[in-house]
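**Q** For reference, this is run-v4.txt, and it has compact mmCIF, C-alpha atoms.
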# COMPACT_ATOMS: atom_id res chain seq x y z
CA MET A 1 26.70 -7.35 26.12
CA LYS A 2 25.45 -7.99 22.61
CA ALA A 3 22.27 -9.54 23.97
CA ARG A 4 21.47 -6.30 25.79
CA ILE A 5 21.31 -4.53 22.46
CA LEU A 6 19.95 -7.34 20.30
CA ILE A 7 17.04 -8.36 22.46
CA PRO A 8 15.37 -4.93 22.68
CA VAL A 9 16.04 -4.31 18.97
CA VAL A 10 14.51 -7.62 17.97
CA TYR A 11 11.56 -6.94 20.27
CA LEU A 12 11.00 -3.49 18.77
CA LEU A 13 11.12 -4.83 15.25
CA SER A 14 8.75 -7.66 15.99
CA SER A 15 5.50 -7.33 14.16
CA HIS A 16 3.23 -6.98 17.14
CA VAL A 17 5.11 -3.90 18.28
CA VAL A 18 4.96 -2.40 14.80
CA MET A 19 1.24 -3.06 14.68
CA ALA A 20 0.78 -1.65 18.18
CA ASP A 21 2.60 1.53 17.11
CA ALA A 22 0.53 2.06 14.00
CA LEU A 23 -2.73 1.40 15.83
CA ASN A 24 -1.68 3.72 18.67
CA ASP A 25 -1.20 6.50 16.16
CA MET A 26 -4.58 5.82 14.59
CA PHE A 27 -6.43 5.64 17.92
CA ASN A 28 -4.79 8.87 19.07
CA GLU A 29 -6.09 10.57 15.97
CA TYR A 30 -9.57 9.20 16.59
CA LYS A 31 -9.43 10.43 20.21
CA GLN A 32 -8.66 13.89 18.94
CA LYS A 33 -11.71 13.65 16.72
CA GLY A 34 -13.89 12.92 19.72
CA VAL A 35 -13.95 9.12 19.91
CA SER A 36 -14.07 8.16 23.58
CA SER A 37 -15.00 4.48 23.55
CA ILE A 38 -14.47 1.62 21.13
CA ASN A 39 -16.80 -1.27 20.39
CA GLU A 40 -15.40 -4.43 18.84
CA GLN A 41 -18.86 -5.89 18.24
CA ALA A 42 -19.94 -2.78 16.35
CA GLY A 43 -16.79 -3.10 14.26
CA GLU A 44 -17.60 -6.69 13.37
CA THR A 45 -21.19 -5.82 12.50
CA LEU A 46 -20.11 -2.97 10.25
CA TRP A 47 -17.49 -5.17 8.56
CA ASN A 48 -20.16 -7.72 7.63
CA LYS A 49 -22.95 -5.30 6.82
CA GLU A 50 -24.24 -5.13 3.25
CA PHE A 51 -24.68 -1.85 1.43
CA LYS A 52 -26.44 -1.30 -1.86
CA ASP A 53 -24.47 0.56 -4.50
CA LYS A 54 -26.66 3.31 -5.97
CA ASN A 55 -25.19 2.96 -9.45
CA THR A 56 -25.24 -0.76 -10.02
CA GLY A 57 -27.78 -1.85 -7.40
CA GLN A 58 -25.43 -4.61 -6.28
CA ASN A 59 -24.88 -5.39 -2.63
CA ARG A 60 -21.42 -4.95 -1.22
CA SER A 61 -19.68 -5.50 2.07
CA CYS A 62 -16.09 -5.74 3.23
CA THR A 63 -16.39 -9.49 2.97
CA THR A 64 -17.17 -9.22 -0.75
CA CYS A 65 -13.43 -9.01 -1.49
CA HIS A 66 -11.82 -9.93 1.81
CA GLY A 67 -13.89 -13.09 2.19
CA ILE A 68 -15.79 -14.50 5.14
CA ASP A 69 -12.71 -16.09 6.71
CA LEU A 70 -10.15 -13.33 7.29
CA THR A 71 -7.35 -15.85 7.75
CA LYS A 72 -7.73 -16.90 4.13
CA VAL A 73 -6.73 -15.17 0.91
CA GLY A 74 -9.50 -13.00 -0.51
CA LYS A 75 -10.20 -12.09 -4.13
CA HIS A 76 -10.87 -8.80 -5.88
CA ILE A 77 -14.42 -9.15 -7.10
CA ARG A 78 -13.64 -7.74 -10.52
CA THR A 79 -10.07 -8.52 -11.40
CA ASP A 80 -9.81 -11.81 -9.45
CA LYS A 81 -6.53 -10.54 -8.02
CA PRO A 82 -5.74 -12.42 -4.81
CA ILE A 83 -5.91 -10.29 -1.66
CA GLU A 84 -3.61 -11.34 1.16
CA PRO A 85 -5.43 -12.37 4.36
CA MET A 86 -6.75 -9.47 6.43
CA ALA A 87 -6.13 -11.19 9.77
CA PRO A 88 -2.96 -9.97 11.53
CA SER A 89 -2.74 -13.39 13.18
CA VAL A 90 -1.73 -14.92 9.84
CA ASN A 91 -0.51 -11.86 7.92
CA LYS A 92 2.13 -9.97 9.87
CA ARG A 93 2.06 -7.01 7.51
CA ARG A 94 -1.53 -6.05 8.27
CA LEU A 95 -2.26 -2.91 10.31
CA THR A 96 1.41 -1.93 10.57
CA ASP A 97 1.51 1.13 8.32
CA VAL A 98 -0.62 4.20 9.03
CA LYS A 99 -0.41 5.44 5.45
CA ILE A 100 -1.68 2.13 4.10
CA ILE A 101 -4.48 1.90 6.67
CA LYS A 102 -5.67 5.39 5.76
CA LYS A 103 -5.48 4.76 2.02
CA TRP A 104 -7.60 1.64 2.10
CA PHE A 105 -10.13 3.05 4.57
CA LYS A 106 -10.69 6.00 2.26
CA ARG A 107 -11.06 3.96 -0.92
CA ASN A 108 -12.89 0.98 0.41
CA CYS A 109 -15.39 2.76 2.66
CA LYS A 110 -16.25 5.06 -0.24
CA TRP A 111 -16.71 2.11 -2.56
CA THR A 112 -18.57 -0.10 -0.08
CA LEU A 113 -20.59 2.34 2.01
CA GLY A 114 -20.76 5.14 -0.55
CA ARG A 115 -19.07 7.51 1.90
CA GLU A 116 -16.01 7.72 4.12
CA CYS A 117 -16.10 5.86 7.40
CA ASN A 118 -16.10 8.30 10.30
CA ALA A 119 -13.60 8.15 13.16
CA GLN A 120 -15.85 6.04 15.39
CA GLU A 121 -16.51 3.52 12.65
CA GLN A 122 -12.82 3.28 11.80
CA ALA A 123 -11.90 2.82 15.45
CA ASP A 124 -14.47 0.05 15.88
CA ILE A 125 -13.38 -1.73 12.71
CA LEU A 126 -9.71 -1.59 13.65
CA THR A 127 -10.53 -2.94 17.09
CA TYR A 128 -12.31 -5.87 15.48
CA LEU A 129 -9.62 -6.52 12.85
CA LYS A 130 -6.65 -6.43 15.18
CA ASN A 131 -8.05 -9.39 17.08
CA GLN A 132 -8.52 -11.61 14.01
CA MET B 1 48.83 -38.83 -18.12
CA LYS B 2 46.66 -38.25 -15.09
CA THR B 3 47.32 -34.51 -15.31
CA ILE B 4 46.17 -34.42 -18.93
CA ILE B 5 42.94 -36.26 -18.11
CA THR B 6 42.20 -33.99 -15.13
CA ALA B 7 42.99 -30.88 -17.16
CA THR B 8 40.71 -32.03 -19.99
CA GLY B 9 38.02 -32.79 -17.49
CA ILE B 10 38.23 -29.33 -15.95
CA VAL B 11 38.23 -27.61 -19.33
CA GLY B 12 35.27 -29.74 -20.38
CA LEU B 13 33.41 -28.74 -17.23
CA ILE B 14 34.06 -25.05 -17.81
CA LEU B 15 32.93 -25.28 -21.44
CA THR B 16 29.72 -27.10 -20.52
CA ALA B 17 28.98 -24.64 -17.76
CA SER B 18 29.45 -21.67 -20.06
CA LEU B 19 27.23 -23.30 -22.69
CA VAL B 20 24.45 -23.76 -20.17
CA MET B 21 24.83 -20.37 -18.50
CA GLY B 22 25.51 -18.64 -21.78
CA ASP B 23 21.84 -18.88 -22.76
CA VAL B 24 21.02 -15.40 -21.52
CA ASP B 25 17.36 -14.58 -21.10
CA LYS B 26 16.58 -13.03 -24.46
CA TYR B 27 14.85 -10.14 -22.75
CA GLU B 28 18.08 -9.14 -21.03
CA LYS B 29 20.08 -8.81 -24.23
CA SER B 30 20.55 -5.42 -25.81
CA GLU B 31 17.18 -3.93 -26.43
CA ARG B 32 17.70 -2.58 -29.89
CA GLY B 33 17.57 -5.23 -32.57
CA GLU B 34 20.64 -5.69 -34.66
CA GLY B 35 18.85 -6.70 -37.83
CA PHE B 36 18.39 -4.48 -40.88
CA PHE B 37 14.71 -3.85 -40.16
CA SER B 38 14.64 -4.02 -36.39
CA GLN B 39 16.93 -1.02 -36.13
CA TYR B 40 14.09 1.00 -37.55
CA ILE B 41 11.22 -0.78 -35.88
CA GLY B 42 12.58 -0.11 -32.41
CA LYS B 43 13.72 -2.13 -29.48
CA THR B 44 13.22 -5.89 -29.44
CA LEU B 45 11.05 -5.73 -26.32
CA ASP B 46 7.41 -5.07 -27.19
CA VAL B 47 7.00 -2.33 -24.61
CA ALA B 48 9.19 -0.77 -21.92
CA PRO B 49 8.88 -2.79 -18.73
CA ILE B 50 7.88 -1.01 -15.54
CA ASN B 51 10.77 0.42 -13.55
CA ASN B 52 8.88 2.38 -10.93
CA THR B 53 8.26 0.55 -7.65
CA ALA B 54 5.44 2.80 -6.50
CA TYR B 55 3.61 2.27 -9.79
CA LYS B 56 3.97 -1.49 -9.55
CA GLU B 57 2.74 -1.49 -5.95
CA GLU B 58 -0.12 0.98 -6.26
CA CYS B 59 -1.40 0.28 -9.75
CA GLY B 60 -0.63 -3.41 -9.62
CA SER B 61 -2.39 -4.01 -6.33
CA CYS B 62 -5.76 -4.86 -7.88
CA HIS B 63 -4.94 -5.67 -11.49
CA PHE B 64 -2.05 -6.29 -13.84
CA ALA B 65 0.34 -3.33 -13.82
CA TYR B 66 -0.17 -2.14 -17.38
CA GLN B 67 2.95 -0.63 -18.88
CA PRO B 68 2.70 3.15 -19.48
CA GLY B 69 3.78 2.55 -23.08
CA LEU B 70 0.41 0.97 -23.88
CA LEU B 71 -1.60 4.19 -23.89
CA PRO B 72 -1.00 7.82 -24.93
CA ALA B 73 -0.10 10.42 -22.31
CA ARG B 74 -3.48 12.12 -22.66
CA SER B 75 -5.21 8.88 -21.65
CA TRP B 76 -3.09 8.55 -18.53
CA GLN B 77 -3.71 12.19 -17.63
CA LYS B 78 -7.45 11.69 -17.89
CA MET B 79 -7.37 8.48 -15.87
CA MET B 80 -5.18 9.87 -13.10
CA GLY B 81 -7.45 12.90 -12.86
CA ASP B 82 -10.46 10.78 -11.95
CA LEU B 83 -9.24 7.96 -9.74
CA GLU B 84 -12.37 8.15 -7.64
CA ASN B 85 -14.19 6.70 -10.65
CA HIS B 86 -11.68 4.20 -11.85
CA PHE B 87 -13.81 1.73 -13.81
CA ASP B 88 -16.48 1.74 -11.06
CA GLU B 89 -13.84 1.43 -8.36
CA ASN B 90 -12.31 3.98 -6.05
CA ALA B 91 -8.56 4.10 -6.63
CA GLU B 92 -7.81 7.39 -4.87
CA LEU B 93 -4.25 8.16 -3.88
CA ASP B 94 -2.67 10.80 -1.66
CA LYS B 95 -1.68 13.93 -3.59
CA ASP B 96 2.06 13.21 -3.65
CA THR B 97 1.74 9.66 -4.89
CA GLN B 98 -0.84 10.72 -7.45
CA ALA B 99 1.53 13.39 -8.80
CA GLU B 100 4.50 11.02 -8.87
CA LEU B 101 2.63 8.29 -10.71
CA THR B 102 1.05 10.70 -13.20
CA LYS B 103 4.51 12.01 -14.03
CA TYR B 104 5.85 8.49 -14.49
CA LEU B 105 2.98 7.48 -16.75
CA VAL B 106 3.08 10.61 -18.90
CA GLU B 107 6.84 10.49 -19.34
CA ASN B 108 6.75 6.84 -20.39
CA ALA B 109 3.55 6.90 -22.40
CA ALA B 110 3.20 5.47 -25.89
CA ASP B 111 3.49 8.86 -27.64
CA HIS B 112 7.26 8.97 -27.44
CA ALA B 113 8.19 5.40 -26.59
CA ASP B 114 10.64 3.73 -28.94
CA TYR B 115 9.00 0.34 -28.67
CA LYS B 116 7.10 -1.67 -31.26
CA ARG B 117 3.74 -1.99 -29.53
CA SER B 118 3.76 1.62 -28.35
CA LYS B 119 4.30 2.83 -31.92
CA ARG B 120 1.65 0.50 -33.34
CA ILE B 121 -0.90 1.50 -30.72
CA MET B 122 -0.29 5.18 -31.41
CA SER B 123 -0.55 4.68 -35.19
CA SER B 124 -3.92 3.05 -34.75
CA LEU B 125 -5.36 6.00 -32.79
CA GLY B 126 -6.84 9.21 -34.11
CA LYS B 127 -5.10 12.40 -32.98
CA ASN B 128 -7.71 13.13 -30.38
CA ASP B 129 -8.67 9.60 -29.36
CA THR B 130 -8.26 9.24 -25.62
CA PRO B 131 -8.96 5.60 -24.83
CA LEU B 132 -9.01 4.58 -21.19
CA ARG B 133 -8.91 0.90 -22.01
CA ILE B 134 -5.95 -0.62 -23.83
CA THR B 135 -8.38 -3.29 -25.01
CA GLU B 136 -10.33 -0.63 -26.90
CA THR B 137 -7.46 0.60 -29.03
CA PRO B 138 -7.89 -0.42 -32.69
CA TYR B 139 -4.46 -2.05 -32.68
CA PHE B 140 -5.33 -4.24 -29.71
CA ILE B 141 -8.68 -5.21 -31.21
CA ARG B 142 -7.07 -6.14 -34.50
CA LYS B 143 -4.43 -8.29 -32.80
CA HIS B 144 -7.04 -10.21 -30.83
CA ASP B 145 -9.89 -10.42 -33.33
CA GLU B 146 -9.38 -14.07 -34.26
CA ILE B 147 -9.84 -15.38 -30.76
CA PRO B 148 -13.21 -17.09 -30.27
CA LYS B 149 -15.41 -15.85 -27.42
CA ARG B 150 -15.31 -19.21 -25.69
CA MET B 151 -11.59 -18.72 -25.06
CA VAL B 152 -11.79 -15.35 -23.37
CA GLN B 153 -15.10 -13.64 -22.61
CA ASP B 154 -16.97 -16.89 -22.05
CA ASN B 155 -14.00 -18.69 -20.51
CA PRO B 156 -14.74 -19.18 -16.78
CA LYS B 157 -10.99 -19.14 -16.10
CA LEU B 158 -10.57 -15.75 -17.74
CA GLY B 159 -13.65 -13.66 -18.50
CA SER B 160 -11.97 -10.61 -19.99
CA PHE B 161 -9.11 -9.33 -22.11
CA SER B 162 -7.99 -7.05 -19.31
CA LYS B 163 -5.91 -9.72 -17.57
CA CYS B 164 -2.91 -9.54 -19.89
CA ALA B 165 -0.60 -11.67 -17.75
CA ALA B 166 -3.12 -14.50 -17.57
CA CYS B 167 -2.30 -15.43 -21.18
CA HIS B 168 0.83 -13.49 -22.05
CA VAL B 169 3.23 -15.32 -19.80
CA ASN B 170 5.96 -12.68 -20.04
CA ALA B 171 3.71 -9.63 -19.94
CA GLU B 172 5.32 -8.39 -16.73
CA LYS B 173 8.64 -8.17 -18.57
CA GLY B 174 7.07 -6.17 -21.37
CA ALA B 175 6.88 -9.09 -23.79
CA TYR B 176 3.71 -9.93 -25.69
CA GLU B 177 4.93 -12.35 -28.36
CA GLU B 178 2.17 -14.45 -29.90
CA ASP B 179 4.07 -17.71 -29.54
CA GLU B 180 4.33 -17.22 -25.80
CA VAL B 181 0.58 -17.09 -25.28
CA ARG B 182 -0.98 -19.75 -23.07
CA ILE B 183 -4.73 -19.31 -22.63
CA PRO B 184 -6.01 -20.70 -19.28
CA GLY B 185 -8.01 -23.86 -19.83
CA VAL B 186 -7.11 -23.86 -23.54
CA GLY B 187 -3.36 -23.94 -23.92
CA LYS B 188 -1.10 -22.61 -26.62
CA TRP B 189 -2.74 -20.17 -29.06
CA ASP B 190 -2.76 -21.59 -32.56
CA ASP B 191 -4.06 -19.44 -35.38
I need this file expressed as structure tokens, please.
**A**
Amino acid sequence: MKARILIPVVYLLSSHVVMADALNDMFNEYKQKGVSSINEQAGETLWNKEFKDKNTGQNRSCTTCHGIDLTKVGKHIRTDKPIEPMAPSVNKRRLTDVKIIKKWFKRNCKWTLGRECNAQEQADILTYLKNQ
Amino acid sequence: MKTIITATGIVGLILTASLVMGDVDKYEKSERGEGFFSQYIGKTLDVAPINNTAYKEECGSCHFAYQPGLLPARSWQKMMGDLENHFDENAELDKDTQAELTKYLVENAADHADYKRSKRIMSSLGKNDTPLRITETPYFIRKHDEIPKRMVQDNPKLGSFSKCAACHVNAEKGAYEEDEVRIPGVGKWDD
């Protein structure tokens, strides 16, 4: 009897379900903004692409702080603060909270690309990241 | 005879335990000093520690979570009003969180904080000075002006004065005592 309750509860609380829920919400939003197909390769390319900051002239990319290996701890380029691994395969907290996903997309795209990432770009990046 | 020995042993154990556990973390004792002068100087902690989880999480996610009592309210207002340009970084927040954190900072700012460092920082500022960097306040500069460049700016393990907790081992508790300083790659500060 207890197992009938416990097993579904444990399953629902397991991280891959939480991540699936958050990503579902995000992808539904992107669909409503007109995104009809997702491209993991495009996401990976964008993640690694370098952009030149117009103020400082320095090159930046997502890997500047998150590192080349997403399963390892990254480092904030200015404060040296450690950044927990981006890869959901080693960091169960990644991509599980819509509010957090949106916050970092807004800040980090603006800082790296100089503008917000549009719905297609976000969808492609999330598709790439969720498989790391 | 046996009973007396056992009883003494138990009492001895209790006394030893209370001696060891009686050494309460000095930062958990009553905050206001009991001495003649410290009653007037303010609480024994240097600055009020952070007691807002959202502040610790949001504003401590990239750098040390600086205590609100280290800058005047007007500085925090200015900073929170331009998070898109937060020292060449984008630190934007959603409207609700931004409002909540601004309120927390302003209410706990140095202007009306009954803590030693808060008062000293405020005394060192002109009425209209609105520093955005704690490290630019005259009080801070004065307190750190004997440290050679090789220990901070030119120290590969450090690089800047902005990483308070890197040297001030109890900074997160609101304690910045000089004798608790351990500079990375250098050791105890000795002036």
**Q** What lies within 6 Å of Ile77 of chain A using all atoms listed in the file, ignoring chain neighbours under 2 positions off, as number ranges by chain?
**A** A: 65, 75, 80
**Q** Sorted by chain and rising residue number, which residues of chain B lie within 10 Å of chain A, and what are their closest atom pairs and distances in Å to one decimal, counting all atoms listed in the file, as JSON lines?
**A**
{"residue": "B:Gly60", "atom": "CA", "partner": "A:Lys81", "partner_atom": "CA", "distance": 9.4}
{"residue": "B:Ser61", "atom": "CA", "partner": "A:Lys81", "partner_atom": "CA", "distance": 7.9}
{"residue": "B:Cys62", "atom": "CA", "partner": "A:Lys81", "partner_atom": "CA", "distance": 5.7}
{"residue": "B:His63", "atom": "CA", "partner": "A:Thr79", "partner_atom": "CA", "distance": 5.9}
{"residue": "B:Phe64", "atom": "CA", "partner": "A:Lys81", "partner_atom": "CA", "distance": 8.5}
{"residue": "B:Leu83", "atom": "CA", "partner": "A:Arg107", "partner_atom": "CA", "distance": 9.9}
{"residue": "B:Glu84", "atom": "CA", "partner": "A:Arg107", "partner_atom": "CA", "distance": 8.0}
{"residue": "B:Asn85", "atom": "CA", "partner": "A:Trp111", "partner_atom": "CA", "distance": 9.6}
{"residue": "B:Asp88", "atom": "CA", "partner": "A:Trp111", "partner_atom": "CA", "distance": 8.5}
{"residue": "B:Glu89", "atom": "CA", "partner": "A:Trp111", "partner_atom": "CA", "distance": 6.5}
{"residue": "B:Asn90", "atom": "CA", "partner": "A:Arg107", "partner_atom": "CA", "distance": 5.3}
{"residue": "B:Ala91", "atom": "CA", "partner": "A:Arg107", "partner_atom": "CA", "distance": 6.2}
{"residue": "B:Glu92", "atom": "CA", "partner": "A:Arg107", "partner_atom": "CA", "distance": 6.2}
{"residue": "B:Leu93", "atom": "CA", "partner": "A:Lys103", "partner_atom": "CA", "distance": 6.9}
{"residue": "B:Asp94", "atom": "CA", "partner": "A:Lys103", "partner_atom": "CA", "distance": 7.6}
{"residue": "B:Lys157", "atom": "CA", "partner": "A:Asp80", "partner_atom": "CA", "distance": 10.0}
{"residue": "B:Leu158", "atom": "CA", "partner": "A:Asp80", "partner_atom": "CA", "distance": 9.2}
{"residue": "B:Gly159", "atom": "CA", "partner": "A:Thr79", "partner_atom": "CA", "distance": 9.5}
{"residue": "B:Ser160", "atom": "CA", "partner": "A:Thr79", "partner_atom": "CA", "distance": 9.0}
{"residue": "B:Ser162", "atom": "CA", "partner": "A:Thr79", "partner_atom": "CA", "distance": 8.3}
{"residue": "B:Lys163", "atom": "CA", "partner": "A:Thr79", "partner_atom": "CA", "distance": 7.5}
**Q** Could you pull the residues within 9 Å of Leu95 of chain A, counting all atoms listed in the file, minus those fewer than 2 positions along the same chain, as a PyMOL selection string?
**A** chain A and resi 18-20+22-23+86+88+92-93+97-98+100-101+126+129-130
**Q** Of the residues A:Lys33, A:Val73, A:Leu46, A:Asn131, which is the one nearest to Arg60 of chain A, using all atoms listed in the file?
**A** A:Leu46
**Q** Which residues are close to Gln67 of chain B, i.e. within 8 Å by only C-alpha atoms, leaving aside same-chain residues fewer than 5 positions away? Reply as a VMD selection string.
**A** chain B and resid 47 to 50 174
**Q** So how many Å separate atom CA of Thr137 of chain B and atom CA of Phe87 of chain B, to one decimal?
**A**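 These atoms are spaced 16.5 Å apart.
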**Q** With all atoms listed in the file as the basis for distance, which of A:Met1, A:Ile68, A:Leu6, A:Met26 is at the shortest distance from Ala119 of chain A?
**A**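 Between A:Met1, A:Ile68, A:Leu6, A:Met26, the residue approaching Ala119 of chain A most closely is A:Met26.
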**Q** Grab the atom CA of Lys188 of chain B to atom CA of Pro138 of chain B distance for me, in Å with one decimal place.
**A**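 Separation between atom CA of Lys188 of chain B and atom CA of Pro138 of chain B: 24.0 Å.
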**Q** So what do you get for atom CA of Arg74 of chain B versus atom CA of Ala54 of chain B, distance-wise?
**A**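 Calculated distance between atom CA of Arg74 of chain B and atom CA of Ala54 of chain B is 20.7 Å.
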**Q** Between A:Thr45, A:Gln132, A:Glu29, A:Asn118, which is the closest to Asp69 of chain A once you count only C-alpha atoms?
**A**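 Going through A:Thr45, A:Gln132, A:Glu29, A:Asn118 one by one, the smallest distance to Asp69 of chain A is for A:Gln132.
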**Q** Using all atoms listed in the file, pick whichever of B:Tyr104, B:Tyr176, B:Trp189, B:Tyr115 has the shortest atom-to-atom distance to Glu146 of chain B.
**A**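 Smallest separation from Glu146 of chain B among the options: B:Trp189.
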**Q** If I put a ball of radius 12 Å at (-3.3, -22.8, -29.6) in the file's coordinates, which residues poke into it when counting all atoms listed in the file, written as a PDB file with C-alpha atoms, in the frame of the given file?
**A**
ATOM      1  CA  GLU B 146      -9.380 -14.070 -34.260  1.00  0.00           C
ATOM      2  CA  ILE B 147      -9.840 -15.380 -30.760  1.00  0.00           C
ATOM      3  CA  PRO B 148     -13.210 -17.090 -30.270  1.00  0.00           C
ATOM      4  CA  MET B 151     -11.590 -18.720 -25.060  1.00  0.00           C
ATOM      5  CA  CYS B 167      -2.300 -15.430 -21.180  1.00  0.00           C
ATOM      6  CA  GLU B 178       2.170 -14.450 -29.900  1.00  0.00           C
ATOM      7  CA  ASP B 179       4.070 -17.710 -29.540  1.00  0.00           C
ATOM      8  CA  GLU B 180       4.330 -17.220 -25.800  1.00  0.00           C
ATOM      9  CA  VAL B 181       0.580 -17.090 -25.280  1.00  0.00           C
ATOM     10  CA  ARG B 182      -0.980 -19.750 -23.070  1.00  0.00           C
ATOM     11  CA  ILE B 183      -4.730 -19.310 -22.630  1.00  0.00           C
ATOM     12  CA  PRO B 184      -6.010 -20.700 -19.280  1.00  0.00           C
ATOM     13  CA  GLY B 185      -8.010 -23.860 -19.830  1.00  0.00           C
ATOM     14  CA  VAL B 186      -7.110 -23.860 -23.540  1.00  0.00           C
ATOM     15  CA  GLY B 187      -3.360 -23.940 -23.920  1.00  0.00           C
ATOM     16  CA  LYS B 188      -1.100 -22.610 -26.620  1.00  0.00           C
ATOM     17  CA  TRP B 189      -2.740 -20.170 -29.060  1.00  0.00           C
ATOM     18  CA  ASP B 190      -2.760 -21.590 -32.560  1.00  0.00           C
ATOM     19  CA  ASP B 191      -4.060 -19.440 -35.380  1.00  0.00           C
TER      20      ASP B 191
END
**Q** Quick one: of A:Tyr30, A:Gly57, A:Ser15, A:Ile5, who's nearest to Ser89 of chain A, counting only C-alpha atoms?
**A**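 So, comparing all the options, the nearest one is A:Ser15.
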**Q** Could I get segment 8-29 of chain A from the block written as a PDB file, in the first residue's frame, with C-alpha atoms?
**A**
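Resulting contents of selection20.pdb:
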ATOM      1  CA  PRO A   8       5.055   7.746  -7.782  1.00  0.00           C
ATOM      2  CA  VAL A   9       5.981  10.497  -5.303  1.00  0.00           C
ATOM      3  CA  VAL A  10       9.649   9.618  -5.446  1.00  0.00           C
ATOM      4  CA  TYR A  11       9.459   9.441  -9.235  1.00  0.00           C
ATOM      5  CA  LEU A  12       7.806  12.848  -9.458  1.00  0.00           C
ATOM      6  CA  LEU A  13      10.380  14.416  -7.194  1.00  0.00           C
ATOM      7  CA  SER A  14      13.284  12.899  -9.053  1.00  0.00           C
ATOM      8  CA  SER A  15      15.398  15.486 -10.759  1.00  0.00           C
ATOM      9  CA  HIS A  16      14.823  14.392 -14.319  1.00  0.00           C
ATOM     10  CA  VAL A  17      11.092  14.915 -13.929  1.00  0.00           C
ATOM     11  CA  VAL A  18      11.631  18.343 -12.403  1.00  0.00           C
ATOM     12  CA  MET A  19      13.929  19.259 -15.262  1.00  0.00           C
ATOM     13  CA  ALA A  20      11.466  17.871 -17.804  1.00  0.00           C
ATOM     14  CA  ASP A  21       8.704  20.016 -16.277  1.00  0.00           C
ATOM     15  CA  ALA A  22      10.709  23.211 -16.348  1.00  0.00           C
ATOM     16  CA  LEU A  23      11.879  22.616 -19.902  1.00  0.00           C
ATOM     17  CA  ASN A  24       8.339  21.753 -21.003  1.00  0.00           C
ATOM     18  CA  ASP A  25       7.163  25.102 -19.702  1.00  0.00           C
ATOM     19  CA  MET A  26       9.977  26.901 -21.488  1.00  0.00           C
ATOM     20  CA  PHE A  27       9.452  25.090 -24.801  1.00  0.00           C
ATOM     21  CA  ASN A  28       5.714  25.772 -24.646  1.00  0.00           C
ATOM     22  CA  GLU A  29       6.470  29.450 -24.295  1.00  0.00           C
TER      23      GLU A  29
END
